[in-house]
Amino acid sequence: MISDLVIETKGLRKTFVSKDRGGRKEVEAVKGIDLAVRKGEIFGFLGPNGAGKSTTQKMLSTLLCPTGGEAKVLGYDLAQQQQQIRQNVGCVSQAGGADLYSTGVQNLVLQAQLYGLEALTAKKYASQFVERFQMSSFIDRPAISYSGGQKRRLDIALGMIHRPQLLLLDEPTSGLDPQSRAYLWEEIRKLKADGVTIFLTTQYMDEADKLCDTIAIIDIGKIIVTGTPEELKSSVGGDTIVFSFLTEETARKAEAMLTEKIPKDRIQTRNNAVHLNIKDGERMMPELLRALDAKDLEAQTVTLSRPSLDDVFLKYTGRSLREDDTIK
Amino acid sequence: MKILHDTKLMFVRNMQHTLRSPVFVFVSMFQPLMYLLLFMPLLNSLGGVPGLPAGKTVDVFIPGLLVLQALFGTAFVGFSLIDDIRSGVIERFLVSPVNRPAILLGRVLRDAVILLFQCILITLVAIPFGLSLNIYGFLLSLLLYALIGVTMASISYGFALIYKIEDPLAPTLNTITLPVSLLSGIILPLALAPVWLQDLSKINPFSYAVNATRALFAGNFQNIGIIEGFIVIGILAIIVFYWGLRSLKKMAS
């Protein structure tokens, strides 16, 4: 095993057996996945609802027993050394897990004690996290009175209170308003800066894109592709630039001129607009505009669009991730 | 020891929850107090029938009434656990290194302590009604009530962990508590029952508890029923606690 891997799985599988009317029914939630999460990175596990993200996370946190395959978490064997994994991994589930009828402080102190800290140390750690996550204005109230963003901050503080090297975050920002999301992203980046490795499941493409160093896209229990956000997006192809002109004739002329600079199969003219699919669109655009101007081919509008992770998802699954979200 | 350390943490946490709204500790004593005030006077005039010596109906009725409280007072504790399952608290405990039995032990011990407090209070209220009891027997019977409380609480938690939702929990628990309380001879002595009903009561563990505590209240320490009661309820408590623990470990999958 390579030592800088914090999570390493081979063929990790989970099959649920439900005993309904009409006998046994097997559901393959996770169909054998290989993961390699490097120390210090934010690893995004992106996929639609029901893809197997939470099931995978629950296996990694020892909550669920895998049906097959192997996994090492922080170098500990998932099948043999669960107690060590529990002690050293921080975990924030989708539900969060704060005790709603206790105050935030009571939650934090108990959580620290559950990880074996003495009462005094637990209190000290709790007040450090209160300060760090700026929770002092509400932390002495029962958690049931918190806003969504406040509760999420407490949830993450609960997961971090014993200062684990690895934090598993299950959909940390789902249901939050944009401001709270941005705040939480900032906190997650700070944790990374402190050297914590973060395994983050999400169904939001922008979250995976902005926050993660590596992304694995999962669909129907299988990982379909892994890479950095940039790698994934460029695997779909380049950027799209669209020049629109007053007349179709001008567009044709522009197309002819542009073929001098760009391979022909990358250019397409529809009506009075020229579509280009090229790498490095941002850098190419000024040059192309200047060239067009020099020939008096004046573009009315120019748009540049970069491929999104949705295009990546679409390419590999034939479905849009967004469509799935709206179904849910 | 880890199990003691963690049980203490869990016990304190759960006790804090209970004491946050202490009025419910008293509300759940309403049922036995109603029996005491509105039903026991009926029994007084029945004194003299088999199993109910004249003038001692209170002494026979109260130990059984406390068994009733132990059954019904703790039967519905599972609802609080469903709350904790839904908010993710139990899952958070399970991914921590906390000792697994401690998660349940901290709860059932809280339930037992609340129950004992209620039993003592009900007994005190019953004294002006003419209750006479052997103090050592009473103290010993508290142990038995605690075991009944642990048993019922474990059953309640076990089903809560299996169902994870409220709707089926109350009917299930009622289905258990009603027959076992009727078959314990709590309201009326089983000596009045036809033979088949008496036979049926012998497979009901809680009828042994009622016999044992009646003997203890009366100070009949040589009565074999006392030992029987402790053995039957003790074994039952251990079995259902382990069943509840198994449900806890299986909850996630």
# chains A, B, ... in the order shown; residues from 1 in each chain; ligands from 1
$ select_by_dssp --residues "segment 230-269 of chain A" --states "strand (DSSP E)" --output "VMD selection string"
chain A and resid 239 to 244 267 to 269
$ residues_around --residues "Ser305 of chain A" --least-positions-apart "4" --cutoff "8 Å" --atoms "only C-alpha atoms" --output "JSON, numbers by chain"
{"A": [239, 240, 241]}
$ write_last_selection --atoms "C-alpha atoms" --output "compact mmCIF listing (two decimals), in the first residue's frame"
# COMPACT_ATOMS: atom_id res chain seq x y z
CA ASP A 239 -14.50 25.29 -24.79
CA THR A 240 -17.24 26.50 -27.05
CA ILE A 241 -16.99 29.94 -28.65
$ interface_residues --of "chain B" --to "chain A" --cutoff "12 Å" --atoms "only C-alpha atoms" --output "MDAnalysis selection string"
chainID B and resid 1:3 5:21 80:81 83:100 102:103 248:253
$ residues_around --residues "Glu249 of chain A" --least-positions-apart "2" --cutoff "12 Å" --atoms "only C-alpha atoms" --output "number ranges by chain"
A: 244-247, 251-256, 269-274, 297
$ residues_around --residues "segment 175-191 of chain B" --least-positions-apart "5" --cutoff "7 Å" --atoms "only C-alpha atoms" --output "list in words"
Pro50, Gly51, Leu52, Phe61, Gly64, Leu65, Leu68, Leu71, Phe72, Gln198, Ser201, Asn204, Phe206, Ser207 and Val210 of chain B
$ residues_around --residues "segment 211-222 of chain A" --least-positions-apart "3" --cutoff "8 Å" --atoms "only C-alpha atoms" --output "NGL selection string"
:A and (28-33 or 41-48 or 50-53 or 185 or 189 or 207-208 or 225-229 or 313 or 317)
$ select_by_dssp --residues "segment 36-207 of chain A" --states "helix (DSSP H, G or I)" --output "ChimeraX atom specification"
/A:53-60,82-88,104-114,119-132,143-145,148-160,178-193,205-207
$ residues_around --residues "Ala294 of chain A" --least-positions-apart "6" --cutoff "12 Å" --atoms "only C-alpha atoms" --output "ChimeraX atom specification"
/A:254,257,287-288
$ residues_around --residues "segment 308-310 of chain A" --least-positions-apart "3" --cutoff "7 Å" --atoms "only C-alpha atoms" --output "ChimeraX atom specification"
/A:205,233,313-314,320-321
$ write_last_selection --atoms "N, CA and C atoms" --output "PDB file, in the first residue's frame"
ATOM      1  N   MET A 205     -22.763  19.920  -8.673  1.00  0.00           N
ATOM      2  CA  MET A 205     -21.592  19.994  -9.536  1.00  0.00           C
ATOM      3  C   MET A 205     -20.709  21.185  -9.206  1.00  0.00           C
ATOM      4  N   LYS A 233     -13.243  17.957 -17.145  1.00  0.00           N
ATOM      5  CA  LYS A 233     -13.909  18.851 -18.076  1.00  0.00           C
ATOM      6  C   LYS A 233     -13.226  18.846 -19.437  1.00  0.00           C
ATOM      7  N   PHE A 313     -20.798  14.344 -16.857  1.00  0.00           N
ATOM      8  CA  PHE A 313     -21.761  13.330 -16.442  1.00  0.00           C
ATOM      9  C   PHE A 313     -22.567  12.850 -17.648  1.00  0.00           C
ATOM     10  N   LEU A 314     -22.957  13.817 -18.467  1.00  0.00           N
ATOM     11  CA  LEU A 314     -23.731  13.505 -19.672  1.00  0.00           C
ATOM     12  C   LEU A 314     -22.945  12.607 -20.613  1.00  0.00           C
ATOM     13  N   SER A 320     -28.366  13.671 -17.862  1.00  0.00           N
ATOM     14  CA  SER A 320     -27.885  14.885 -17.225  1.00  0.00           C
ATOM     15  C   SER A 320     -28.052  14.745 -15.717  1.00  0.00           C
ATOM     16  N   LEU A 321     -27.047  15.204 -14.992  1.00  0.00           N
ATOM     17  CA  LEU A 321     -27.119  15.155 -13.532  1.00  0.00           C
ATOM     18  C   LEU A 321     -28.243  16.061 -13.044  1.00  0.00           C
TER      19      LEU A 321
END
$ atom_distance --atom1 "atom CA of Leu139 of chain B" --atom2 "atom CA of Ile120 of chain B"
9.6 Å
$ atom_distance --atom1 "atom CA of Met34 of chain B" --atom2 "atom CA of Ile122 of chain B"
10.9 Å
$ closest_residue --among "B:Ala237, B:Val195, B:Leu169, B:Leu133" --to "Asp59 of chain B" --atoms "only C-alpha atoms"
B:Leu133
$ atom_distance --atom1 "atom CA of Gln300 of chain A" --atom2 "atom CA of Met285 of chain A"
14.3 Å
